[in-house]
$ cat structure24.csv   # CSV, C-alpha atoms and all ligand atoms
chain,number,residue,atom,x,y,z
A,518,TYR,CA,115.4,15.0,-19.5
A,519,ARG,CA,113.5,18.3,-19.8
A,520,ARG,CA,116.0,21.1,-19.3
A,521,PRO,CA,117.4,23.1,-22.2
A,522,VAL,CA,121.0,22.6,-21.3
A,523,PHE,CA,123.4,19.8,-20.4
A,524,ASN,CA,125.7,21.0,-17.6
A,525,PHE,CA,129.2,19.5,-17.8
A,526,ALA,CA,130.5,21.5,-14.8
A,527,ALA,CA,133.1,20.0,-12.4
A,528,GLY,CA,131.2,21.1,-9.3
A,529,PRO,CA,128.8,22.4,-8.2
A,530,ALA,CA,127.5,20.1,-10.9
A,531,THR,CA,124.3,18.8,-12.5
A,532,LEU,CA,121.8,17.1,-10.2
A,533,PRO,CA,119.1,14.6,-11.1
A,534,GLU,CA,116.0,16.4,-12.4
A,535,SER,CA,113.7,14.2,-10.3
A,536,VAL,CA,115.6,15.4,-7.2
A,537,LEU,CA,115.4,19.1,-8.1
A,538,LEU,CA,111.6,18.9,-8.8
A,539,LYS,CA,111.0,17.2,-5.5
A,540,ALA,CA,113.1,19.7,-3.7
A,541,GLN,CA,111.2,22.5,-5.4
A,542,ALA,CA,108.0,21.3,-3.9
A,543,ASP,CA,109.4,20.6,-0.4
A,544,LEU,CA,111.1,24.0,-0.5
A,545,PHE,CA,107.7,25.7,-0.1
A,546,ASP,CA,105.8,23.2,1.9
A,547,TYR,CA,107.5,20.1,3.3
A,548,ARG,CA,105.0,17.3,3.2
A,549,GLY,CA,102.0,19.3,4.3
A,550,SER,CA,103.8,20.8,7.3
A,551,GLY,CA,103.2,24.4,6.2
A,552,MET,CA,106.9,25.0,6.5
A,553,SER,CA,109.9,24.8,4.2
A,554,ILE,CA,112.4,22.1,4.8
A,555,MET,CA,114.8,25.0,5.0
A,556,GLU,CA,113.0,26.6,7.9
A,557,MET,CA,112.8,23.5,10.2
A,558,SER,CA,114.8,23.0,13.4
A,559,HIS,CA,117.7,20.6,13.1
A,560,ARG,CA,116.5,19.1,16.3
A,561,GLY,CA,112.9,18.5,15.2
A,562,LYS,CA,111.4,15.2,14.2
A,563,ASP,CA,111.2,16.0,10.5
A,564,PHE,CA,114.9,16.8,10.1
A,565,ASP,CA,115.7,13.9,12.5
A,566,SER,CA,114.1,11.6,10.0
A,567,VAL,CA,115.8,13.3,7.0
A,568,ILE,CA,119.3,12.9,8.4
A,569,LYS,CA,118.8,9.4,9.7
A,570,THR,CA,117.3,8.2,6.4
A,571,ALA,CA,120.2,9.9,4.5
A,572,GLU,CA,122.7,8.1,6.6
A,573,SER,CA,121.0,4.7,6.4
A,574,ASP,CA,120.6,5.0,2.6
A,575,LEU,CA,124.3,5.9,2.2
A,576,ARG,CA,125.3,3.0,4.4
A,577,GLU,CA,123.2,0.7,2.2
A,578,LEU,CA,124.6,2.1,-1.1
A,579,LEU,CA,128.2,1.7,-0.1
A,580,SER,CA,127.7,-1.3,2.2
A,581,VAL,CA,129.4,0.7,5.0
A,582,PRO,CA,130.5,-1.8,7.7
A,583,ASP,CA,129.1,-1.4,11.2
A,584,GLY,CA,132.4,-0.3,12.7
A,585,TYR,CA,132.4,3.0,10.8
A,586,SER,CA,130.8,6.3,11.5
A,587,VAL,CA,129.2,8.5,8.8
A,588,LEU,CA,129.5,12.2,9.5
A,589,PHE,CA,127.8,15.1,7.7
A,590,LEU,CA,130.2,18.1,8.1
A,591,GLN,CA,130.8,21.6,6.7
A,592,GLY,CA,133.8,23.4,5.3
A,593,GLY,CA,134.2,21.5,2.0
A,594,ALA,CA,136.8,18.8,1.3
A,595,THR,CA,139.4,21.5,1.8
A,596,THR,CA,138.7,21.5,5.5
A,597,GLN,CA,139.5,17.8,5.6
A,598,PHE,CA,143.0,18.5,4.3
A,599,SER,CA,143.8,19.8,7.9
A,600,ALA,CA,141.2,17.8,9.9
A,601,VAL,CA,142.7,14.5,8.8
A,602,PRO,CA,146.2,15.1,10.2
A,603,LEU,CA,144.8,17.0,13.2
A,604,ASN,CA,142.8,13.9,14.2
A,605,LEU,CA,145.1,11.1,13.1
A,606,CYS,CA,148.5,12.4,14.1
A,607,SER,CA,149.0,13.2,17.8
A,608,SER,CA,151.5,16.0,17.1
A,609,PRO,CA,152.9,17.8,14.1
A,610,ALA,CA,156.0,15.6,14.4
A,611,ASP,CA,154.1,12.5,13.5
A,612,PRO,CA,154.7,11.5,9.9
A,613,ALA,CA,152.1,10.7,7.2
A,614,ASP,CA,152.6,9.5,3.6
A,615,PHE,CA,151.1,11.1,0.5
A,616,ILE,CA,150.8,9.9,-3.1
A,617,VAL,CA,150.1,12.9,-5.3
A,618,THR,CA,148.4,12.3,-8.6
A,619,GLY,CA,147.0,15.8,-9.3
A,620,SER,CA,146.4,19.3,-7.9
A,621,TRP,CA,143.9,18.2,-5.2
A,622,GLY,CA,146.3,15.6,-3.8
A,623,ASP,CA,149.0,18.3,-3.9
A,624,LYS,CA,146.8,20.7,-2.0
A,625,ALA,CA,146.0,18.1,0.6
A,626,PHE,CA,149.7,17.3,1.0
A,627,LYS,CA,150.7,21.0,1.4
A,628,GLU,CA,147.9,21.7,3.9
A,629,ALA,CA,148.7,18.6,5.9
A,630,SER,CA,152.3,19.7,6.1
A,631,LYS,CA,151.3,22.3,8.7
A,632,TYR,CA,149.9,19.6,11.0
A,633,CYS,CA,152.1,16.6,10.4
A,634,THR,CA,155.4,15.7,8.9
A,635,ALA,CA,154.1,15.0,5.4
A,636,ASN,CA,156.2,12.6,3.3
A,637,LEU,CA,155.8,12.6,-0.5
A,638,VAL,CA,155.8,8.9,-1.5
A,639,TRP,CA,155.3,9.6,-5.2
A,640,SER,CA,154.2,12.6,-7.4
A,641,GLY,CA,152.8,12.5,-10.9
A,642,LYS,CA,153.9,16.2,-11.4
A,643,PRO,CA,157.0,15.5,-13.6
A,644,ASN,CA,154.5,13.9,-16.1
A,645,ASN,CA,152.0,16.7,-15.7
A,646,TYR,CA,149.8,14.4,-13.7
A,647,THR,CA,148.8,12.1,-16.5
A,648,ASP,CA,149.5,8.8,-14.9
A,649,ILE,CA,150.0,6.7,-11.7
A,650,ALA,CA,153.4,5.1,-11.5
A,651,ASP,CA,152.4,1.5,-11.9
A,652,PRO,CA,148.6,1.2,-11.8
A,653,THR,CA,148.7,-2.6,-11.9
A,654,ASP,CA,150.9,-2.6,-8.8
A,655,PRO,CA,150.0,0.3,-6.6
A,656,ASN,CA,152.2,-1.0,-3.9
A,657,PHE,CA,155.2,-0.3,-6.1
A,658,LEU,CA,155.1,3.2,-4.8
A,659,LEU,CA,155.0,2.2,-1.2
A,660,ARG,CA,157.9,-0.2,-1.4
A,661,ASN,CA,160.2,2.5,-2.5
A,662,ASN,CA,159.4,5.6,-0.5
A,663,GLN,CA,157.1,4.8,2.4
A,664,ASN,CA,157.9,6.1,5.8
A,665,PRO,CA,157.7,3.1,8.0
A,666,ASP,CA,156.4,5.2,10.9
A,667,ALA,CA,153.7,7.1,8.9
A,668,ARG,CA,150.3,7.2,10.6
A,669,TYR,CA,148.4,6.9,7.4
A,670,LEU,CA,148.7,7.0,3.6
A,671,HIS,CA,146.7,9.7,1.8
A,672,ILE,CA,145.5,9.5,-1.8
A,673,CYS,CA,143.0,11.5,-4.0
A,674,ALA,CA,140.9,8.7,-5.5
A,675,ASN,CA,139.9,10.8,-8.5
A,676,GLU,CA,141.7,14.0,-9.6
A,677,THR,CA,139.0,16.3,-10.8
A,678,ILE,CA,141.2,18.7,-12.8
A,679,HIS,CA,143.6,16.1,-14.3
A,680,GLY,CA,141.1,13.3,-14.8
A,681,VAL,CA,143.3,10.6,-13.2
A,682,GLU,CA,141.5,7.9,-11.2
A,683,PHE,CA,142.8,5.1,-9.1
A,684,LYS,CA,141.3,1.8,-10.4
A,685,THR,CA,143.0,-0.3,-7.7
A,686,TYR,CA,144.1,1.0,-4.3
A,687,PRO,CA,147.4,0.7,-2.6
A,688,ALA,CA,147.3,-1.4,0.5
A,689,PRO,CA,149.8,0.1,2.9
A,690,GLU,CA,151.4,-2.5,5.2
A,691,ASN,CA,153.0,0.2,7.3
A,692,ASP,CA,151.2,3.4,7.9
A,693,ASN,CA,149.2,1.4,10.4
A,694,GLY,CA,147.6,-0.2,7.4
A,695,LEU,CA,145.6,3.0,7.1
A,696,LEU,CA,144.5,4.3,3.8
A,697,VAL,CA,142.8,7.8,3.6
A,698,ALA,CA,141.1,8.9,0.5
A,699,ASP,CA,139.7,12.1,-0.9
A,700,MET,CA,136.7,10.8,-2.9
A,701,SER,CA,135.1,14.2,-3.6
A,702,SER,CA,134.8,13.7,-7.3
A,703,ASN,CA,134.0,10.0,-7.6
A,704,PHE,CA,132.0,9.4,-4.4
A,705,CYS,CA,129.1,7.0,-5.0
A,706,SER,CA,130.0,6.6,-8.7
A,707,LYS,CA,130.7,2.9,-8.3
A,708,PRO,CA,130.7,0.2,-5.7
A,709,GLY,CA,133.7,0.2,-3.3
A,710,ASP,CA,135.0,-1.7,-0.4
A,711,VAL,CA,134.9,0.8,2.5
A,712,SER,CA,136.8,-1.7,4.8
A,713,LYS,CA,140.0,-1.0,2.8
A,714,PHE,CA,140.0,2.5,4.1
A,715,GLY,CA,140.5,4.1,7.5
A,716,LEU,CA,138.8,7.3,6.4
A,717,ILE,CA,137.0,8.5,3.3
A,718,TYR,CA,135.9,12.1,2.7
A,719,ALA,CA,134.0,13.8,0.0
A,720,GLY,CA,132.6,17.3,-0.7
A,721,ALA,CA,129.0,16.8,-1.9
A,722,GLN,CA,128.8,19.1,-4.8
A,723,LYS,CA,129.8,16.7,-7.6
A,724,ASN,CA,127.9,13.5,-7.3
A,725,ILE,CA,125.6,13.8,-4.4
A,726,GLY,CA,124.3,17.2,-3.6
A,727,PRO,CA,124.9,20.9,-3.3
A,728,SER,CA,128.1,22.5,-1.9
A,729,GLY,CA,128.1,23.0,1.8
A,730,VAL,CA,128.0,19.3,2.9
A,731,THR,CA,131.1,17.2,3.4
A,732,ILE,CA,130.7,13.5,4.1
A,733,VAL,CA,133.3,11.7,6.3
A,734,ILE,CA,133.3,8.0,6.7
A,735,VAL,CA,135.7,7.0,9.5
A,736,ARG,CA,136.6,3.7,11.2
A,737,ASN,CA,135.5,4.0,14.8
A,738,ASP,CA,138.7,2.9,16.5
A,739,LEU,CA,140.4,6.0,14.9
A,740,LEU,CA,138.1,8.2,17.0
A,741,LEU,CA,139.6,6.9,20.2
A,742,GLY,CA,143.0,8.5,19.8
A,743,ARG,CA,143.3,12.1,20.9
A,744,PRO,CA,143.2,14.8,18.2
A,745,GLN,CA,146.0,17.4,18.5
A,746,PRO,CA,145.3,19.7,21.4
A,747,ALA,CA,144.7,22.8,19.3
A,748,THR,CA,142.1,21.0,17.1
A,749,PRO,CA,139.0,23.3,16.7
A,750,VAL,CA,135.8,21.6,17.9
A,751,MET,CA,134.5,21.8,14.3
A,752,LEU,CA,137.3,19.6,13.1
A,753,ASP,CA,137.2,17.1,15.9
A,754,TYR,CA,135.6,13.9,14.4
A,755,LYS,CA,134.8,12.4,17.8
A,756,ILE,CA,132.7,15.4,18.8
A,757,HIS,CA,130.7,15.1,15.6
A,758,ALA,CA,130.4,11.3,15.8
A,759,ASP,CA,129.2,11.4,19.4
A,760,ALA,CA,126.6,14.0,18.5
A,761,ALA,CA,125.5,12.2,15.4
A,762,SER,CA,126.5,15.2,13.2
A,763,LEU,CA,124.3,17.5,15.3
A,764,TYR,CA,126.9,19.1,17.6
A,765,ASN,CA,126.0,22.4,16.1
A,766,THR,CA,123.6,23.4,13.3
A,767,PRO,CA,124.4,21.2,10.4
A,768,PRO,CA,123.9,22.2,6.7
A,769,CYS,CA,120.3,21.0,6.9
A,770,PHE,CA,119.1,21.8,3.4
A,771,GLY,CA,122.2,20.2,1.8
A,772,ILE,CA,121.8,17.1,3.8
A,773,TYR,CA,118.2,16.9,2.8
A,774,ILE,CA,119.3,17.1,-0.9
A,775,CYS,CA,122.0,14.4,-0.4
A,776,GLY,CA,119.3,12.2,1.1
A,777,LEU,CA,117.1,12.6,-2.0
A,778,VAL,CA,120.1,11.7,-4.2
A,779,PHE,CA,120.9,8.6,-2.2
A,780,ALA,CA,117.3,7.5,-2.4
A,781,ASP,CA,117.4,8.1,-6.2
A,782,LEU,CA,120.7,6.0,-6.5
A,783,LEU,CA,119.1,3.1,-4.6
A,784,GLU,CA,116.0,3.3,-6.8
A,785,GLN,CA,118.2,3.1,-9.9
A,786,GLY,CA,119.5,-0.2,-8.6
A,787,GLY,CA,122.4,0.8,-6.4
A,788,LEU,CA,126.0,1.5,-7.3
A,789,ALA,CA,126.7,-1.5,-9.5
A,790,GLU,CA,124.0,-0.1,-11.9
A,791,VAL,CA,125.3,3.4,-11.5
A,792,GLU,CA,128.8,2.2,-12.4
A,793,ARG,CA,127.5,0.5,-15.5
A,794,LYS,CA,125.9,3.7,-16.7
A,795,ASN,CA,129.0,5.7,-15.9
A,796,GLU,CA,131.2,3.3,-17.9
A,797,GLU,CA,128.8,3.5,-20.8
A,798,LYS,CA,129.0,7.3,-20.8
A,799,ALA,CA,132.8,7.5,-20.3
A,800,GLY,CA,133.3,4.8,-23.0
A,801,ALA,CA,131.4,6.8,-25.5
A,802,LEU,CA,133.3,10.0,-24.8
A,803,TYR,CA,136.8,8.5,-24.7
A,804,GLY,CA,135.9,6.5,-27.8
A,805,ALA,CA,135.1,9.7,-29.6
A,806,ILE,CA,138.4,11.3,-28.5
A,807,ASP,CA,140.5,8.3,-29.4
A,808,GLY,CA,138.7,7.8,-32.7
A,809,SER,CA,139.3,11.4,-33.8
A,810,ASP,CA,142.7,10.7,-35.5
A,811,GLY,CA,144.3,13.1,-33.0
A,812,PHE,CA,141.9,16.0,-33.5
A,813,TYR,CA,141.0,15.6,-29.9
A,814,VAL,CA,143.7,14.4,-27.4
A,815,CYS,CA,143.2,13.1,-23.9
A,816,PRO,CA,146.7,13.2,-22.2
A,817,VAL,CA,145.8,10.7,-19.4
A,818,GLU,CA,147.3,7.2,-19.5
A,819,ARG,CA,144.4,4.9,-20.6
A,820,SER,CA,144.4,2.6,-17.6
A,821,VAL,CA,143.8,5.4,-15.1
A,822,ARG,CA,141.4,7.6,-17.0
A,823,SER,CA,138.6,9.0,-14.9
A,824,LEU,CA,135.0,7.9,-15.4
A,825,MET,CA,133.9,11.3,-14.0
A,826,ASN,CA,136.2,14.0,-15.4
A,827,VAL,CA,137.3,13.8,-19.0
A,828,PRO,CA,140.0,16.4,-20.0
A,829,PHE,CA,141.0,16.9,-23.6
A,830,THR,CA,142.8,19.3,-25.8
A,831,LEU,CA,142.5,20.5,-29.4
A,832,ARG,CA,145.3,21.7,-31.7
A,833,THR,CA,145.3,25.3,-30.6
A,834,LYS,CA,143.9,27.5,-27.7
A,835,GLU,CA,141.8,29.4,-30.3
A,836,LEU,CA,140.2,26.2,-31.5
A,837,GLU,CA,139.5,25.1,-27.9
A,838,LYS,CA,137.8,28.5,-27.3
A,839,LYS,CA,135.7,28.1,-30.4
A,840,PHE,CA,134.7,24.5,-29.4
A,841,VAL,CA,133.6,25.6,-25.9
A,842,GLU,CA,131.6,28.6,-27.3
A,843,GLU,CA,129.9,26.7,-30.0
A,844,ALA,CA,129.0,23.8,-27.7
A,845,ALA,CA,127.5,26.3,-25.2
A,846,LYS,CA,125.3,27.8,-28.1
A,847,GLU,CA,124.0,24.2,-28.6
A,848,GLY,CA,123.1,23.8,-24.9
A,849,MET,CA,126.3,22.0,-23.7
A,850,VAL,CA,127.7,24.3,-21.0
A,851,GLN,CA,130.7,24.5,-18.6
A,852,LEU,CA,133.1,22.6,-20.9
A,853,LYS,CA,136.1,24.9,-20.3
A,854,GLY,CA,139.0,23.2,-18.7
A,855,HIS,CA,140.2,24.3,-15.3
A,856,ARG,CA,142.0,27.6,-15.4
A,857,SER,CA,145.2,25.9,-14.2
A,858,VAL,CA,145.5,23.5,-17.2
A,859,GLY,CA,143.3,25.0,-19.9
A,860,GLY,CA,141.8,22.8,-22.7
A,861,VAL,CA,138.4,21.3,-22.5
A,862,ARG,CA,136.9,19.2,-19.6
A,863,ALA,CA,133.7,17.3,-19.6
A,864,SER,CA,132.5,16.3,-16.2
A,865,ILE,CA,130.1,13.4,-16.5
A,866,TYR,CA,129.0,12.6,-13.0
A,867,ASN,CA,126.2,10.3,-12.0
A,868,ALA,CA,123.5,12.8,-12.9
A,869,MET,CA,124.7,13.5,-16.4
A,870,PRO,CA,122.3,11.5,-18.7
A,871,LEU,CA,123.6,9.3,-21.4
A,872,ALA,CA,121.7,11.6,-23.8
A,873,GLY,CA,124.0,14.5,-22.7
A,874,VAL,CA,127.1,12.6,-23.6
A,875,GLN,CA,125.7,11.4,-26.9
A,876,LYS,CA,124.8,15.0,-27.8
A,877,LEU,CA,128.4,16.0,-27.0
A,878,VAL,CA,129.9,13.2,-29.0
A,879,ALA,CA,127.7,14.1,-32.0
A,880,PHE,CA,128.8,17.7,-31.7
A,881,MET,CA,132.5,16.7,-31.5
A,882,LYS,CA,132.2,14.8,-34.8
A,883,ASP,CA,130.4,17.7,-36.4
A,884,PHE,CA,132.9,20.3,-35.1
A,885,GLN,CA,135.9,18.1,-36.3
A,886,ALA,CA,134.3,17.9,-39.8
A,887,ARG,CA,134.0,21.6,-40.0
A,888,ASN,CA,137.5,22.5,-38.5
A,889,GLN,CA,139.7,19.7,-39.7
B,901,LIG,N1,139.2,17.4,-3.6
B,901,LIG,C1,138.8,17.3,-4.8
B,901,LIG,C2,139.1,16.0,-5.5
B,901,LIG,C3,138.0,18.2,-5.5
B,901,LIG,O1,137.6,18.1,-6.7
B,901,LIG,C4,137.7,19.4,-4.8
B,901,LIG,C5,136.9,20.5,-5.4
B,901,LIG,N2,136.8,20.7,-6.7
B,901,LIG,C6,138.2,19.6,-3.5
B,901,LIG,C7,139.0,18.6,-2.9
B,901,LIG,C8,138.0,20.8,-2.7
B,901,LIG,O2,136.6,20.8,-2.3
B,901,LIG,P1,135.9,22.0,-1.6
B,901,LIG,O3,135.8,23.1,-2.6
B,901,LIG,O4,134.6,21.4,-1.3
B,901,LIG,O5,136.7,22.4,-0.4
$ encode --input "structure24.csv" --output "C-alpha cells"
Amino acid sequence: YRRPVFNFAAGPATLPESVLLKAQADLFDYRGSGMSIMEMSHRGKDFDSVIKTAESDLRELLSVPDGYSVLFLQGGATTQFSAVPLNLCSSPADPADFIVTGSWGDKAFKEASKYCTANLVWSGKPNNYTDIADPTDPNFLLRNNQNPDARYLHICANETIHGVEFKTYPAPENDNGLLVADMSSNFCSKPGDVSKFGLIYAGAQKNIGPSGVTIVIVRNDLLLGRPQPATPVMLDYKIHADAASLYNTPPCFGIYICGLVFADLLEQGGLAEVERKNEEKAGALYGAIDGSDGFYVCPVERSVRSLMNVPFTLRTKELEKKFVEEAAKEGMVQLKGHRSVGGVRASIYNAMPLAGVQKLVAFMKDFQARNQ
C-alpha cells in the first residue's frame, strides 16, 4: 500500500490501488488505441468488451444463475427505491412488505409508499436501529406482520449508517416468495446465494467502483409483468435488460472501473477469500472496541454487526471530535460518524487493507491510554 492515507469513508470509498493505477494509464491511452477509455463510443468494440467482461466476471464472482439479468444502471441506489415498486407492483394499490433495520431501509420504505401500498413488517427504530428482532429466526418477523398479498419483501442487507447486517435472510412464503435486497454497502463482500432473491440492487461506490453506476440483478420472470403505466423508460428493467444495459448512454467509465474491481476480486481468489479477509479486519476492529473496557462502545447487537461499517462512540462528543481529528493527522481519514447519528464510523470495505485496520487499532489503544 503506497498512499499516505487510509480512507475509512462510507462511500464514495477507497478503491484498490492496483485498479486506480491501471485506470490512470487507461485514462490517457486505452491499450494503445490513442484514445481515453472515457472518450470511446458505448457502441464500439472496446466498450462492448469492457461491459461484457464486467458482466461475466460479476456472474462468476456471485455465481449468478442463468435465469437472472445483470443490469448496469444510473441514478444511484436511491432511484431503485422507486424503480422496484414501479416494476414489481402493477398499481399503487398493490401491497409490498418492508423490514426496516436502519435509515436506508426507512428511505426505501418511504419512497416506495408513493408507488405501492407499503406495509411495515418490523422496524428497529424503537431500539435506535441496533438489532434485528430475532436474527436466528428471521421468519419470526414475517409470521407476525406479513401482508399475505404483498408482491415482495424488501430488506436492506447492510445498513451503512447504523452498521446492522443481516447474517441470514428471511424466506418469505407469501410475498410471492420474493425477497428484494438493497446490497449497496455489502455487495461482493462475501459469497451469497442469488437464487434466494428476486432482485438485488447496489450502488457501486462502496465496494466495487465509483458513484454513478448501480447494479441490478433481477430474476427474468419478473421482467415479464408490466411495470406501472407511468414508469419512466429509465426505470423500466425490461427495457434495459432487452438492450443489455445499452438502451441509452450508460455510465461507461464507471462500468469500466467496476470491471477492473471484479477482475481484481477474482484474482484474489473470489468472494470466499474476500470474506475471509473482511472477517479478519472486522474481527480486529470489534475486538479492539470490546476489549477497551467501555472506552469505545459499539451499540449494535453482536450477532448482526456489519463486516463493512463499524460505528462506535466515546464518552463525550468532544472526545469523539478529538479522536477523529487526531486520527486524520496520522493519516486515517473520514472517520466521522454520519451526521444523523454522530460518533465515529470506520467503513472497512473490500479495498481497505488489513494494514489500515491494524493502524487504526493501534491508534485506538494509544488514544485510550492518553485520554482514559
Ligand atoms: N442504500 C444504502 C444501503 C446506502 O448506503 C446508500 C448510500 N450511502 C444508498 C442506498 C443510497 O445510494 P445512492 O447515494 O447511490 O443513491
$ closest_residue --input "structure24.csv" --among "A:Tyr646, A:Phe683, A:Tyr866, A:Phe704" --to "Ser820 of chain A" --atoms "only C-alpha atoms"
A:Phe683
$ closest_residue --input "structure24.csv" --among "A:Asp654, A:Glu534, A:Glu628, A:Asp583" --to "Pro602 of chain A" --atoms "all atoms listed in the file"
A:Glu628
$ residues_near_ligand --input "structure24.csv" --ligand "ligand LIG 901 (chain B)" --cutoff "9 Å" --atoms "all atoms listed in the file" --output "PyMOL selection string"
chain A and resi 527-529+591-598+619-622+624-625+673-678+699-703+718-723+728-731
$ atom_distance --input "structure24.csv" --atom1 "atom CA of Lys713 of chain A" --atom2 "atom CA of Leu696 of chain A"
7.0 Å
$ closest_residue --input "structure24.csv" --among "A:Arg668, A:His855, A:Arg819, A:His757" --to "Glu690 of chain A" --atoms "only C-alpha atoms"
A:Arg668
$ closest_residue --input "structure24.csv" --among "A:Leu740, A:Ala789, A:Asp574, A:Ser706" --to "Asp753 of chain A" --atoms "only C-alpha atoms"
A:Leu740
$ closest_residue --input "structure24.csv" --among "A:Gly811, A:Ala844, A:Tyr773, A:Ala667" --to "Ser566 of chain A" --atoms "only C-alpha atoms"
A:Tyr773
$ residues_around --input "structure24.csv" --residues "Ile616 of chain A" --least-positions-apart "4" --cutoff "6 Å" --atoms "all atoms listed in the file" --output "list in words"
Val638, Trp639 and Ile672 of chain A
$ residues_around --input "structure24.csv" --residues "Ser630 of chain A" --least-positions-apart "2" --cutoff "12 Å" --atoms "all atoms listed in the file" --output "PyMOL selection string"
chain A and resi 598-603+606+608-615+623-628+632-637
$ residues_around --input "structure24.csv" --residues "Phe523 of chain A" --least-positions-apart "6" --cutoff "10 Å" --atoms "all atoms listed in the file" --output "CSV table (one decimal) with C-alpha atoms, keeping the file's coordinate frame"
chain,number,residue,atom,x,y,z
A,531,THR,CA,124.3,18.8,-12.5
A,845,ALA,CA,127.5,26.3,-25.2
A,847,GLU,CA,124.0,24.2,-28.6
A,848,GLY,CA,123.1,23.8,-24.9
A,849,MET,CA,126.3,22.0,-23.7
A,850,VAL,CA,127.7,24.3,-21.0
A,851,GLN,CA,130.7,24.5,-18.6
A,869,MET,CA,124.7,13.5,-16.4
A,870,PRO,CA,122.3,11.5,-18.7
A,872,ALA,CA,121.7,11.6,-23.8
A,873,GLY,CA,124.0,14.5,-22.7
A,874,VAL,CA,127.1,12.6,-23.6
A,876,LYS,CA,124.8,15.0,-27.8
A,877,LEU,CA,128.4,16.0,-27.0
$ closest_residue --input "structure24.csv" --among "A:Gly771, A:Gly709, A:Val861, A:Leu695" --to "Leu544 of chain A" --atoms "only C-alpha atoms"
A:Gly771
$ residues_around --input "structure24.csv" --residues "Val858 of chain A" --least-positions-apart "4" --cutoff "12 Å" --atoms "only C-alpha atoms" --output "PyMOL selection string"
chain A and resi 619-620+645-647+677-680+816+828-830+834+853-854+862
$ atom_distance --input "structure24.csv" --atom1 "atom CA of Ala758 of chain A" --atom2 "atom CA of Leu588 of chain A"
6.4 Å
$ atom_distance --input "structure24.csv" --atom1 "atom CA of Gly800 of chain A" --atom2 "atom CA of Gly641 of chain A"
24.2 Å
$ residues_near_point --input "structure24.csv" --point "(141.7, 7.6, 5.9)" --cutoff "7 Å" --atoms "all atoms listed in the file" --output "list of chain:residue names"
A:Tyr669, A:His671, A:Leu695, A:Leu696, A:Val697, A:Ala698, A:Phe714, A:Gly715, A:Leu716, A:Ile717
$ residues_near_point --input "structure24.csv" --point "(133.7, 15.6, -14.3)" --cutoff "7 Å" --atoms "all atoms listed in the file" --output "count of residues only"
11
$ residues_around --input "structure24.csv" --residues "Ile806 of chain A" --least-positions-apart "2" --cutoff "10 Å" --atoms "all atoms listed in the file" --output "list in words"
Gly800, Ala801, Leu802, Tyr803, Gly804, Gly808, Ser809, Asp810, Gly811, Phe812, Tyr813, Val814, Cys815, Val827, Phe829, Thr830, Val878, Met881 and Lys882 of chain A
$ write_last_selection --input "structure24.csv" --atoms "C-alpha atoms" --output "CSV table (one decimal), in the coordinates of the input"
chain,number,residue,atom,x,y,z
A,800,GLY,CA,133.3,4.8,-23.0
A,801,ALA,CA,131.4,6.8,-25.5
A,802,LEU,CA,133.3,10.0,-24.8
A,803,TYR,CA,136.8,8.5,-24.7
A,804,GLY,CA,135.9,6.5,-27.8
A,808,GLY,CA,138.7,7.8,-32.7
A,809,SER,CA,139.3,11.4,-33.8
A,810,ASP,CA,142.7,10.7,-35.5
A,811,GLY,CA,144.3,13.1,-33.0
A,812,PHE,CA,141.9,16.0,-33.5
A,813,TYR,CA,141.0,15.6,-29.9
A,814,VAL,CA,143.7,14.4,-27.4
A,815,CYS,CA,143.2,13.1,-23.9
A,827,VAL,CA,137.3,13.8,-19.0
A,829,PHE,CA,141.0,16.9,-23.6
A,830,THR,CA,142.8,19.3,-25.8
A,878,VAL,CA,129.9,13.2,-29.0
A,881,MET,CA,132.5,16.7,-31.5
A,882,LYS,CA,132.2,14.8,-34.8
$ decode --input "structure24.csv" --residues "segment 865-879 of chain A" --atoms "C-alpha atoms" --output "PDB file, in the first residue's frame"
ATOM      1  CA  ILE A 865     -13.776  -1.144   6.048  1.00  0.00           C
ATOM      2  CA  TYR A 866     -14.887  -2.272   2.609  1.00  0.00           C
ATOM      3  CA  ASN A 867     -13.107  -4.867   0.479  1.00  0.00           C
ATOM      4  CA  ALA A 868     -10.418  -2.417  -0.631  1.00  0.00           C
ATOM      5  CA  MET A 869      -9.383  -1.369   2.896  1.00  0.00           C
ATOM      6  CA  PRO A 870      -6.135  -3.232   3.557  1.00  0.00           C
ATOM      7  CA  LEU A 871      -5.644  -5.127   6.818  1.00  0.00           C
ATOM      8  CA  ALA A 872      -2.737  -2.741   7.478  1.00  0.00           C
ATOM      9  CA  GLY A 873      -5.233   0.155   7.589  1.00  0.00           C
ATOM     10  CA  VAL A 874      -7.320  -1.562  10.260  1.00  0.00           C
ATOM     11  CA  GLN A 875      -4.219  -2.542  12.231  1.00  0.00           C
ATOM     12  CA  LYS A 876      -3.046   1.059  12.173  1.00  0.00           C
ATOM     13  CA  LEU A 877      -6.456   2.219  13.398  1.00  0.00           C
ATOM     14  CA  VAL A 878      -6.488  -0.376  16.196  1.00  0.00           C
ATOM     15  CA  ALA A 879      -3.004   0.703  17.340  1.00  0.00           C
TER      16      ALA A 879
END
